[in-house]
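Student: Here you go, one structure.
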Amino acid sequence: MVDKNTLFALSLFPYLGFLWFLTRTQTTPKLALAGFYGLLVFVAVTIPAGMYASLGLHQELANIDWLHGGAEALLTLSNVLVVMGFAQAQHQDGGGD
(Lines give C-alpha, C1' and ligand atoms only; values in the text may rest on other atoms or scores of the structure.)
Protein backbone atom coordinates (compact mmCIF):
# COMPACT_ATOMS: atom_id res chain seq x y z
CA MET A 1 0.00 0.00 0.00
CA VAL A 2 1.23 3.51 -0.81
CA ASP A 3 1.80 5.89 2.09
CA LYS A 4 -0.66 8.81 2.12
CA ASN A 5 2.18 11.35 2.26
CA THR A 6 3.86 9.80 -0.77
CA LEU A 7 0.58 9.78 -2.66
CA PHE A 8 0.01 13.43 -1.73
CA ALA A 9 3.49 14.41 -2.96
CA LEU A 10 2.99 12.51 -6.22
CA SER A 11 -0.37 14.20 -6.80
CA LEU A 12 1.37 17.56 -7.09
CA PHE A 13 2.90 16.61 -10.46
CA PRO A 14 -0.41 16.20 -12.32
CA TYR A 15 -1.66 19.41 -10.70
CA LEU A 16 1.43 21.30 -11.84
CA GLY A 17 0.77 19.97 -15.35
CA PHE A 18 -2.83 21.17 -15.07
CA LEU A 19 -1.59 24.64 -14.07
CA TRP A 20 0.92 24.67 -16.91
CA PHE A 21 -1.83 23.85 -19.39
CA LEU A 22 -4.23 26.46 -17.99
CA THR A 23 -1.55 29.12 -18.06
CA ARG A 24 -0.54 28.36 -21.64
CA THR A 25 -4.08 28.36 -23.03
CA GLN A 26 -4.33 32.14 -22.52
CA THR A 27 -8.12 31.76 -22.23
CA THR A 28 -8.40 30.94 -18.54
CA PRO A 29 -9.76 33.93 -16.64
CA LYS A 30 -6.93 35.57 -14.68
CA LEU A 31 -8.89 35.59 -11.42
CA ALA A 32 -9.68 31.89 -11.75
CA LEU A 33 -6.05 31.16 -12.59
CA ALA A 34 -5.03 33.04 -9.44
CA GLY A 35 -7.40 30.81 -7.49
CA PHE A 36 -5.88 27.66 -8.97
CA TYR A 37 -2.41 28.93 -8.07
CA GLY A 38 -3.77 29.83 -4.64
CA LEU A 39 -4.31 26.13 -4.06
CA LEU A 40 -0.54 25.75 -4.18
CA VAL A 41 -0.29 28.42 -1.47
CA PHE A 42 -2.78 26.40 0.59
CA VAL A 43 -0.61 23.30 0.19
CA ALA A 44 2.57 25.27 0.98
CA VAL A 45 0.99 26.54 4.21
CA THR A 46 -0.73 23.31 5.22
CA ILE A 47 2.39 21.15 5.13
CA PRO A 48 4.39 23.19 7.67
CA ALA A 49 1.22 23.78 9.73
CA GLY A 50 0.70 20.02 9.90
CA MET A 51 4.31 19.50 10.87
CA TYR A 52 4.05 22.12 13.62
CA ALA A 53 0.85 20.55 14.92
CA SER A 54 2.46 17.12 14.96
CA LEU A 55 5.94 17.93 16.20
CA GLY A 56 5.32 21.03 18.27
CA LEU A 57 1.86 20.40 19.69
CA HIS A 58 1.74 16.58 19.45
CA GLN A 59 -1.66 16.72 17.77
CA GLU A 60 -3.07 16.26 14.31
CA LEU A 61 -3.66 19.45 12.34
CA ALA A 62 -7.42 18.85 12.36
CA ASN A 63 -7.41 18.98 16.16
CA ILE A 64 -5.86 22.47 16.38
CA ASP A 65 -8.77 24.70 15.45
CA TRP A 66 -6.93 28.00 14.95
CA LEU A 67 -4.21 26.39 12.84
CA HIS A 68 -6.54 24.19 10.83
CA GLY A 69 -9.03 27.03 10.36
CA GLY A 70 -6.32 29.36 9.07
CA ALA A 71 -5.17 26.81 6.53
CA GLU A 72 -8.74 26.06 5.45
CA ALA A 73 -9.39 29.79 5.01
CA LEU A 74 -6.73 29.77 2.28
CA LEU A 75 -8.50 26.88 0.58
CA THR A 76 -11.79 28.75 0.76
CA LEU A 77 -10.20 31.88 -0.69
CA SER A 78 -8.72 29.95 -3.61
CA ASN A 79 -12.12 28.37 -4.33
CA VAL A 80 -13.85 31.75 -4.21
CA LEU A 81 -11.32 33.19 -6.65
CA VAL A 82 -11.90 30.32 -9.09
CA VAL A 83 -15.68 30.76 -8.95
CA MET A 84 -15.51 34.54 -9.22
CA GLY A 85 -13.08 34.33 -12.14
CA PHE A 86 -15.29 32.02 -14.18
CA ALA A 87 -18.46 33.91 -13.22
CA GLN A 88 -16.85 37.19 -14.30
CA ALA A 89 -15.74 35.65 -17.60
CA GLN A 90 -19.22 34.27 -18.23
CA HIS A 91 -20.78 37.66 -17.48
CA GLN A 92 -18.34 39.42 -19.84
CA ASP A 93 -19.18 36.95 -22.60
CA GLY A 94 -22.84 37.80 -22.25
CA GLY A 95 -23.91 34.57 -20.63
CA GLY A 96 -25.51 33.83 -17.30
CA ASP A 97 -27.91 36.73 -16.87
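Ligands are numbered from 1 in the order shown, residues from 1 within each chain, and chains are lettered A, B, ... in the order they appear in the C-alpha coordinates.
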What's the 7 Å shell around range 28-44 of chain A, counting only C-alpha atoms, without same-chain residues fewer than 2 positions away, as a VMD selection string?

Tutor: chain A and resid 22 25 to 26 46 to 47 71 74 to 75 78 to 79 81 to 86 89

Student: From the DSSP assignment of the backbone, select every residue of chain A that is alpha helix (DSSP H), and format the answer as a PyMOL selection string.

Tutor: chain A and resi 4-25+30-51+65-92

Student: Work out how far CA of Leu77 in chain A is from CA of His58 in chain A, in Å to one decimal.

Tutor: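 Straight-line distance from CA of His58 in chain A to CA of Leu77 in chain A works out to 28.0 Å.
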
Student: Rounded to one decimal place, report the CA of Ser54 in chain A-CA of Leu7 in chain A distance in Å.

Tutor: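 Taking CA of Ser54 in chain A as the start and CA of Leu7 in chain A as the end point, the length is 19.2 Å.
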
Student: Mind giving me the straight-line distance from CA of Trp20 in chain A to CA of Gln90 in chain A in Å, one decimal?

Tutor: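 Taking CA of Trp20 in chain A as the start and CA of Gln90 in chain A as the end point, the length is 22.3 Å.
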